[in-house]
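So this one's start14.pdb, PDB, C-alpha atoms:
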```pdb
ATOM      1  CA  MET A   1     123.598  89.429  55.118
ATOM      2  CA  SER A   2     122.185  92.019  52.721
ATOM      3  CA  LYS A   3     122.600  95.756  53.198
ATOM      4  CA  GLN A   4     118.863  96.078  53.836
ATOM      5  CA  ASN A   5     118.910  93.337  56.444
ATOM      6  CA  SER A   6     121.896  94.989  58.169
ATOM      7  CA  ARG A   7     120.086  98.334  58.082
ATOM      8  CA  ASP A   8     116.964  96.777  59.584
ATOM      9  CA  LYS A   9     119.011  95.172  62.358
ATOM     10  CA  LEU A  10     120.818  98.466  62.985
ATOM     11  CA  VAL A  11     117.492 100.294  63.270
ATOM     12  CA  GLY A  12     116.200  97.628  65.666
ATOM     13  CA  ILE A  13     119.215  97.941  67.950
ATOM     14  CA  LEU A  14     119.093 101.737  67.849
ATOM     15  CA  GLN A  15     115.396 101.778  68.714
ATOM     16  CA  LEU A  16     116.071  99.504  71.687
ATOM     17  CA  ALA A  17     119.062 101.617  72.712
ATOM     18  CA  TYR A  18     117.124 104.875  72.414
ATOM     19  CA  SER A  19     114.451 103.693  74.816
ATOM     20  CA  GLY A  20     116.956 101.827  76.974
ATOM     21  CA  GLU A  21     118.974 104.993  77.486
ATOM     22  CA  ARG A  22     115.834 106.728  78.743
ATOM     23  CA  ALA A  23     115.078 103.923  81.196
ATOM     24  CA  ALA A  24     118.691 103.911  82.365
ATOM     25  CA  ALA A  25     118.796 107.686  82.824
ATOM     26  CA  TYR A  26     115.641 107.688  84.945
ATOM     27  CA  ALA A  27     116.946 104.750  86.973
ATOM     28  CA  TYR A  28     120.278 106.507  87.541
ATOM     29  CA  ARG A  29     118.454 109.644  88.631
ATOM     30  CA  GLY A  30     116.824 107.673  91.416
ATOM     31  CA  HIS A  31     120.065 105.848  92.078
ATOM     32  CA  TRP A  32     122.254 108.902  92.624
ATOM     33  CA  LYS A  33     119.590 110.532  94.753
ATOM     34  CA  SER A  34     119.460 107.413  96.953
ATOM     35  CA  VAL A  35     123.157 107.155  97.845
ATOM     36  CA  ALA A  36     124.680 109.022 100.767
ATOM     37  CA  ASP A  37     128.307 109.213  99.640
ATOM     38  CA  GLN A  38     128.865 112.506  97.803
ATOM     39  CA  GLU A  39     131.470 111.093  95.397
ATOM     40  CA  GLU A  40     129.106 108.234  94.464
ATOM     41  CA  ARG A  41     126.302 110.747  93.959
ATOM     42  CA  ARG A  42     128.499 112.849  91.684
ATOM     43  CA  ARG A  43     129.665 109.890  89.580
ATOM     44  CA  ILE A  44     126.225 108.312  89.183
ATOM     45  CA  LYS A  45     124.786 111.737  88.268
ATOM     46  CA  GLN A  46     127.514 112.025  85.626
ATOM     47  CA  ILE A  47     126.545 108.581  84.312
ATOM     48  CA  GLU A  48     122.910 109.724  84.119
ATOM     49  CA  ASP A  49     124.006 112.750  82.080
ATOM     50  CA  GLU A  50     126.012 110.514  79.744
ATOM     51  CA  GLU A  51     122.987 108.266  79.224
ATOM     52  CA  TRP A  52     120.896 111.304  78.205
ATOM     53  CA  HIS A  53     123.671 112.302  75.793
ATOM     54  CA  HIS A  54     123.713 108.801  74.296
ATOM     55  CA  ARG A  55     119.960 109.005  73.847
ATOM     56  CA  GLN A  56     120.361 112.271  71.941
ATOM     57  CA  LEU A  57     123.044 110.758  69.699
ATOM     58  CA  VAL A  58     121.012 107.616  69.022
ATOM     59  CA  GLY A  59     117.959 109.765  68.254
ATOM     60  CA  GLU A  60     119.998 111.674  65.688
ATOM     61  CA  MET A  61     121.130 108.386  64.151
ATOM     62  CA  LEU A  62     117.551 107.166  63.899
ATOM     63  CA  ALA A  63     116.519 110.429  62.240
ATOM     64  CA  GLY A  64     119.426 110.053  59.814
ATOM     65  CA  LEU A  65     118.092 106.601  58.963
ATOM     66  CA  ASN A  66     114.648 108.163  58.314
ATOM     67  CA  THR A  67     113.011 106.436  61.240
ATOM     68  CA  GLY A  68     112.353 107.036  64.902
ATOM     69  CA  PRO A  69     111.707 105.370  68.230
ATOM     70  CA  LYS A  70     108.878 102.952  68.920
ATOM     71  CA  GLY A  71     106.152 104.488  71.053
ATOM     72  CA  SER A  72     105.440 101.336  73.038
ATOM     73  CA  ARG A  73     109.096 100.998  73.990
ATOM     74  CA  GLU A  74     109.199 104.621  75.045
ATOM     75  CA  ILE A  75     106.269 104.159  77.401
ATOM     76  CA  ARG A  76     107.796 100.976  78.795
ATOM     77  CA  ALA A  77     111.153 102.763  79.255
ATOM     78  CA  ILE A  78     109.544 105.543  81.264
ATOM     79  CA  ILE A  79     107.771 103.073  83.527
ATOM     80  CA  ILE A  80     110.773 100.797  84.005
ATOM     81  CA  GLY A  81     113.191 103.659  84.579
ATOM     82  CA  ARG A  82     110.971 105.400  87.111
ATOM     83  CA  VAL A  83     110.210 102.160  88.981
ATOM     84  CA  LEU A  84     113.895 101.235  89.130
ATOM     85  CA  GLY A  85     114.763 104.754  90.261
ATOM     86  CA  LEU A  86     112.225 104.524  93.065
ATOM     87  CA  GLY A  87     113.433 101.027  93.895
ATOM     88  CA  CYS A  88     116.905 102.380  94.538
ATOM     89  CA  HIS A  89     115.497 104.203  97.569
ATOM     90  CA  LEU A  90     113.984 100.979  98.890
ATOM     91  CA  SER A  91     116.459  98.239  98.037
ATOM     92  CA  GLY A  92     119.639  99.491  99.613
ATOM     93  CA  TRP A  93     122.994 100.142  98.019
ATOM     94  CA  PHE A  94     124.074  96.808  96.542
ATOM     95  CA  ALA A  95     121.206  95.799  94.212
ATOM     96  CA  PRO A  96     121.232  99.002  92.114
ATOM     97  CA  MET A  97     125.031  98.863  91.797
ATOM     98  CA  TYR A  98     124.943  95.213  90.743
ATOM     99  CA  GLY A  99     122.055  95.648  88.299
ATOM    100  CA  ALA A 100     123.604  98.739  86.730
ATOM    101  CA  GLY A 101     126.945  97.027  86.185
ATOM    102  CA  LYS A 102     125.382  94.003  84.574
ATOM    103  CA  LEU A 103     123.265  96.138  82.234
ATOM    104  CA  GLU A 104     126.198  98.344  81.289
ATOM    105  CA  SER A 105     128.208  95.269  80.293
ATOM    106  CA  GLN A 106     125.421  94.343  77.873
ATOM    107  CA  ASN A 107     125.343  97.880  76.464
ATOM    108  CA  ILE A 108     128.994  97.618  75.449
ATOM    109  CA  VAL A 109     128.199  94.659  73.221
ATOM    110  CA  GLU A 110     125.015  96.310  71.937
ATOM    111  CA  TYR A 111     126.893  99.337  70.605
ATOM    112  CA  GLN A 112     129.665  97.186  69.127
ATOM    113  CA  THR A 113     127.042  95.105  67.324
ATOM    114  CA  ALA A 114     125.338  98.264  66.084
ATOM    115  CA  ALA A 115     128.691  99.470  64.704
ATOM    116  CA  ARG A 116     129.064  96.219  62.746
ATOM    117  CA  TYR A 117     125.569  96.587  61.300
ATOM    118  CA  ALA A 118     126.342 100.209  60.409
ATOM    119  CA  ARG A 119     129.458  99.072  58.573
ATOM    120  CA  ASP A 120     127.575  96.276  56.803
ATOM    121  CA  CYS A 121     124.799  98.584  55.577
ATOM    122  CA  GLY A 122     127.196 101.257  54.341
ATOM    123  CA  ARG A 123     126.767 103.768  57.189
ATOM    124  CA  GLN A 124     130.431 104.221  58.082
ATOM    125  CA  ASP A 125     129.538 107.706  59.335
ATOM    126  CA  LEU A 126     127.920 106.131  62.421
ATOM    127  CA  ILE A 127     130.710 103.763  63.397
ATOM    128  CA  ASP A 128     132.968 106.093  65.398
ATOM    129  CA  CYS A 129     130.089 107.445  67.457
ATOM    130  CA  LEU A 130     128.766 103.940  68.196
ATOM    131  CA  LEU A 131     132.198 102.727  69.266
ATOM    132  CA  THR A 132     132.709 105.824  71.408
ATOM    133  CA  MET A 133     129.413 105.078  73.163
ATOM    134  CA  ALA A 134     130.591 101.473  73.702
ATOM    135  CA  GLU A 135     133.738 102.865  75.328
ATOM    136  CA  VAL A 136     131.708 105.126  77.619
ATOM    137  CA  GLU A 137     129.498 102.178  78.587
ATOM    138  CA  TRP A 138     132.715 100.264  79.347
ATOM    139  CA  GLU A 139     133.668 103.037  81.801
ATOM    140  CA  HIS A 140     130.230 102.791  83.422
ATOM    141  CA  GLU A 141     130.552  99.027  83.781
ATOM    142  CA  ARG A 142     134.003  99.392  85.310
ATOM    143  CA  TYR A 143     132.736 101.886  87.882
ATOM    144  CA  PHE A 144     129.871  99.658  88.988
ATOM    145  CA  ARG A 145     132.081  96.530  88.980
ATOM    146  CA  GLU A 146     134.596  98.249  91.259
ATOM    147  CA  ARG A 147     131.842  99.329  93.616
ATOM    148  CA  VAL A 148     130.198  95.881  93.706
ATOM    149  CA  LEU A 149     133.498  94.114  94.348
ATOM    150  CA  GLN A 150     133.940  96.229  97.489
ATOM    151  CA  SER A 151     130.688  94.945  98.975
ATOM    152  CA  ARG A 152     130.470  92.105 101.476
ATOM    153  CA  TRP A 153     127.422  90.829  99.554
ATOM    154  CA  ILE A 154     129.520  89.835  96.564
ATOM    155  CA  ARG A 155     130.682  86.630  98.232
ATOM    156  CA  TRP A 156     127.159  85.236  97.718
ATOM    157  CA  LEU A 157     126.711  86.317  94.103
ATOM    158  CA  LYS A 158     128.645  85.661  90.954
ATOM    159  CA  VAL A 159     129.769  88.818  89.196
ATOM    160  CA  TRP A 160     128.778  89.105  85.541
ATOM    161  CA  PRO A 161     131.554  88.296  83.053
ATOM    162  CA  GLU A 162     134.180  91.000  82.828
ATOM    163  CA  PRO A 163     134.275  92.665  79.407
ATOM    164  CA  PRO A 164     137.498  92.645  77.412
ATOM    165  CA  ALA A 165     139.870  95.577  77.819
ATOM    166  CA  LYS A 166     138.512  98.907  76.631
ATOM    167  CA  GLU A 167     141.256  99.137  73.995
ATOM    168  CA  LEU A 168     139.831  96.034  72.317
ATOM    169  CA  ILE A 169     136.502  97.695  71.544
ATOM    170  CA  ARG A 170     137.939  99.335  68.445
ATOM    171  CA  ALA A 171     140.654  96.757  67.816
ATOM    172  CA  SER A 172     138.129  93.912  67.665
ATOM    173  CA  PHE A 173     135.994  95.953  65.285
ATOM    174  CA  ASP A 174     138.819  96.400  62.794
TER     175      ASP A 174
END
```

This entry written out as structure tokens:
Amino acid sequence: MSKQNSRDKLVGILQLAYSGERAAAYAYRGHWKSVADQEERRRIKQIEDEEWHHRQLVGEMLAGLNTGPKGSREIRAIIIGRVLGLGCHLSGWFAPMYGAGKLESQNIVEYQTAARYARDCGRQDLIDCLLTMAEVEWEHERYFRERVLQSRWIRWLKVWPEPPAKELIRASFD
């Protein structure tokens, strides 16, 4: 794959991630406001804050690549995030926990893939940050997995595949 093709793929992933972080943050805002347990509220609020931080970092990466987010994805992210956040108040406890965990598992892979594209297009300066975000997403996935596995509803649903150990995020990259 050429450097330009890797750069284009990196930009595509970062644009998706930038908008996805917005949708996730809005969804988590509704999620933490919908749960009664104070420790759950605190942790999900912290996850929301981390998603906003990731969005800032990804925005800086896009700017450093002389590009920016896609407007249509931004609008869609606002709508999806707000609807999911509202849905958390209506759907009960389990569905938001399950959906969040499954999405976070995909985000781990997304940031690892972005790190590979950054390497392949000569942007080594982005790799550590991308892998750090993958590690934070791993922590999010673990939290939601632990919560879901405590639910009685899990006996009727298959849990998404468990990601490899957090330590392998960087080891597999090397």

Which residues of range 45-86 of chain A have any atom within 12 Å of an atom in range 98-121 of chain A when counting only C-alpha atoms, and what is the closest pair of atoms for each, with the distance in Å to one decimal? Order the rows by chain and rising number and write it as a Markdown table.
```
| residue | atom | partner | partner_atom | distance |
| --- | --- | --- | --- | --- |
| A:Ile47 | CA | A:Ala100 | CA | 10.6 |
| A:Glu48 | CA | A:Ala100 | CA | 11.3 |
| A:Glu51 | CA | A:Glu104 | CA | 10.6 |
| A:His54 | CA | A:Tyr111 | CA | 10.6 |
| A:Val58 | CA | A:Tyr111 | CA | 10.3 |
| A:Met61 | CA | A:Ala118 | CA | 10.4 |
| A:Leu62 | CA | A:Ala118 | CA | 11.7 |
| A:Leu65 | CA | A:Ala118 | CA | 10.5 |
| A:Gly81 | CA | A:Ala100 | CA | 11.7 |
| A:Leu84 | CA | A:Gly99 | CA | 9.9 |
| A:Gly85 | CA | A:Ala100 | CA | 11.3 |
```

*Would you mind reading off the distance between CA of Trp138 in chain A and CA of Tyr18 in chain A, one decimal, in Å?*
17.7 Å

*So which one's closest to Arg55 in chain A, A:Phe173, A:Phe94, A:Tyr26, A:Trp156? Using all atoms listed in the file, please.*
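With all atoms listed in the file as the atom set, the closest residue is A:Tyr26.
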
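For range 41-45 of chain A, the set of protein, DNA and RNA residues having any atom at most 10 Å away, when counting all atoms listed in the file and skipping those fewer than 3 positions along the same chain, is A:Ala25, A:Tyr28, A:Arg29, A:Gly30, A:His31, A:Trp32, A:Lys33, A:Ser34, A:Val35, A:Ala36, A:Asp37, A:Gln38, A:Glu48, A:Asp49, A:Glu50, A:Glu51, A:Met97, A:His140, A:Tyr143, A:Phe144.
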
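Ranking A:Cys88, A:Glu39, A:Gly68, A:Arg152 by their shortest atom-to-atom distance to Gly12 in chain A, with only C-alpha atoms included, puts A:Gly68 first.
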
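Ranking A:Glu137, A:Ser2, A:Arg7, A:Leu126 by their shortest atom-to-atom distance to Ala24 in chain A, with all atoms listed in the file included, puts A:Glu137 first.
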
*What does the distance from CA of Arg142 in chain A to CA of Gly92 in chain A come to in Å, to one decimal?*
20.3 Å

*Gly71 in chain A surroundings by all atoms listed in the file, 12 Å radius, close-in-sequence under 4 positions cut, as a PyMOL selection string*: chain A and resi 15-16+18-19+75-78

Saved selection, atoms kept: C-alpha atoms, as a CSV table (one decimal), in the coordinates of the input:
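part_4.csv, freshly written:
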```csv
chain,number,residue,atom,x,y,z
A,15,GLN,CA,115.4,101.8,68.7
A,16,LEU,CA,116.1,99.5,71.7
A,18,TYR,CA,117.1,104.9,72.4
A,19,SER,CA,114.5,103.7,74.8
A,75,ILE,CA,106.3,104.2,77.4
A,76,ARG,CA,107.8,101.0,78.8
A,77,ALA,CA,111.2,102.8,79.3
A,78,ILE,CA,109.5,105.5,81.3
```

*Selected by the PyMOL selection byres ((chain A and resi 166) around 10) in the shown coordinates: which residues, as a ChimeraX atom specification?*
/A:108,134-139,142,163-165,167-171

*Kindly give the distance, in Å, that separates CA of Gln46 in chain A and CA of Ala23 in chain A, rounded to a single decimal.*
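CA of Ala23 in chain A lies 15.5 Å from CA of Gln46 in chain A.
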
How about completing range 55-86 of chain A with N, CA and C atoms and giving it to me as a compact mmCIF listing (two decimals), in the frame of the given file?
```txt
# COMPACT_ATOMS: atom_id res chain seq x y z
N ARG A 55 121.32 109.01 74.40
CA ARG A 55 119.96 109.00 73.85
C ARG A 55 119.84 110.05 72.73
N GLN A 56 120.40 111.22 72.97
CA GLN A 56 120.36 112.27 71.94
C GLN A 56 121.08 111.80 70.68
N LEU A 57 122.26 111.22 70.85
CA LEU A 57 123.04 110.76 69.70
C LEU A 57 122.31 109.65 68.94
N VAL A 58 121.74 108.71 69.66
CA VAL A 58 121.01 107.62 69.02
C VAL A 58 119.77 108.16 68.31
N GLY A 59 119.10 109.13 68.91
CA GLY A 59 117.96 109.76 68.25
C GLY A 59 118.35 110.41 66.94
N GLU A 60 119.51 111.07 66.93
CA GLU A 60 120.00 111.67 65.69
C GLU A 60 120.32 110.60 64.64
N MET A 61 120.85 109.48 65.09
CA MET A 61 121.13 108.39 64.15
C MET A 61 119.84 107.85 63.55
N LEU A 62 118.84 107.65 64.40
CA LEU A 62 117.55 107.17 63.90
C LEU A 62 116.97 108.14 62.88
N ALA A 63 117.03 109.42 63.18
CA ALA A 63 116.52 110.43 62.24
C ALA A 63 117.29 110.36 60.92
N GLY A 64 118.61 110.16 61.01
CA GLY A 64 119.43 110.05 59.81
C GLY A 64 119.13 108.80 59.00
N LEU A 65 118.52 107.82 59.64
CA LEU A 65 118.09 106.60 58.96
C LEU A 65 116.61 106.69 58.56
N ASN A 66 116.05 107.89 58.68
CA ASN A 66 114.65 108.16 58.31
C ASN A 66 113.66 107.30 59.08
N THR A 67 113.92 107.17 60.37
CA THR A 67 113.01 106.44 61.24
C THR A 67 113.06 107.08 62.62
N GLY A 68 112.38 106.48 63.56
CA GLY A 68 112.35 107.04 64.90
C GLY A 68 112.13 105.95 65.92
N PRO A 69 111.92 106.34 67.16
CA PRO A 69 111.71 105.37 68.23
C PRO A 69 110.34 104.72 68.12
N LYS A 70 110.17 103.63 68.83
CA LYS A 70 108.88 102.95 68.92
C LYS A 70 108.15 103.47 70.16
N GLY A 71 106.93 103.91 69.96
CA GLY A 71 106.15 104.49 71.05
C GLY A 71 105.95 103.55 72.22
N SER A 72 105.67 102.29 71.95
CA SER A 72 105.44 101.34 73.04
C SER A 72 106.70 101.14 73.87
N ARG A 73 107.84 101.14 73.24
CA ARG A 73 109.10 101.00 73.99
C ARG A 73 109.38 102.24 74.82
N GLU A 74 109.00 103.38 74.31
CA GLU A 74 109.20 104.62 75.04
C GLU A 74 108.36 104.63 76.33
N ILE A 75 107.14 104.22 76.21
CA ILE A 75 106.27 104.16 77.40
C ILE A 75 106.83 103.16 78.41
N ARG A 76 107.23 102.00 77.91
CA ARG A 76 107.80 100.98 78.80
C ARG A 76 109.08 101.49 79.45
N ALA A 77 109.90 102.23 78.70
CA ALA A 77 111.15 102.76 79.26
C ALA A 77 110.89 103.75 80.39
N ILE A 78 109.89 104.58 80.21
CA ILE A 78 109.54 105.54 81.26
C ILE A 78 109.13 104.80 82.53
N ILE A 79 108.27 103.83 82.36
CA ILE A 79 107.77 103.07 83.53
C ILE A 79 108.91 102.33 84.21
N ILE A 80 109.68 101.59 83.43
CA ILE A 80 110.77 100.80 84.00
C ILE A 80 111.80 101.70 84.68
N GLY A 81 112.20 102.76 84.01
CA GLY A 81 113.19 103.66 84.58
C GLY A 81 112.73 104.30 85.87
N ARG A 82 111.50 104.75 85.89
CA ARG A 82 110.97 105.40 87.11
C ARG A 82 110.82 104.40 88.26
N VAL A 83 110.36 103.19 87.94
CA VAL A 83 110.21 102.16 88.98
C VAL A 83 111.57 101.77 89.54
N LEU A 84 112.55 101.57 88.65
CA LEU A 84 113.90 101.24 89.13
C LEU A 84 114.48 102.38 89.95
N GLY A 85 114.27 103.61 89.51
CA GLY A 85 114.76 104.75 90.26
C GLY A 85 114.16 104.82 91.66
N LEU A 86 112.88 104.57 91.75
CA LEU A 86 112.22 104.52 93.06
C LEU A 86 112.74 103.35 93.88
```
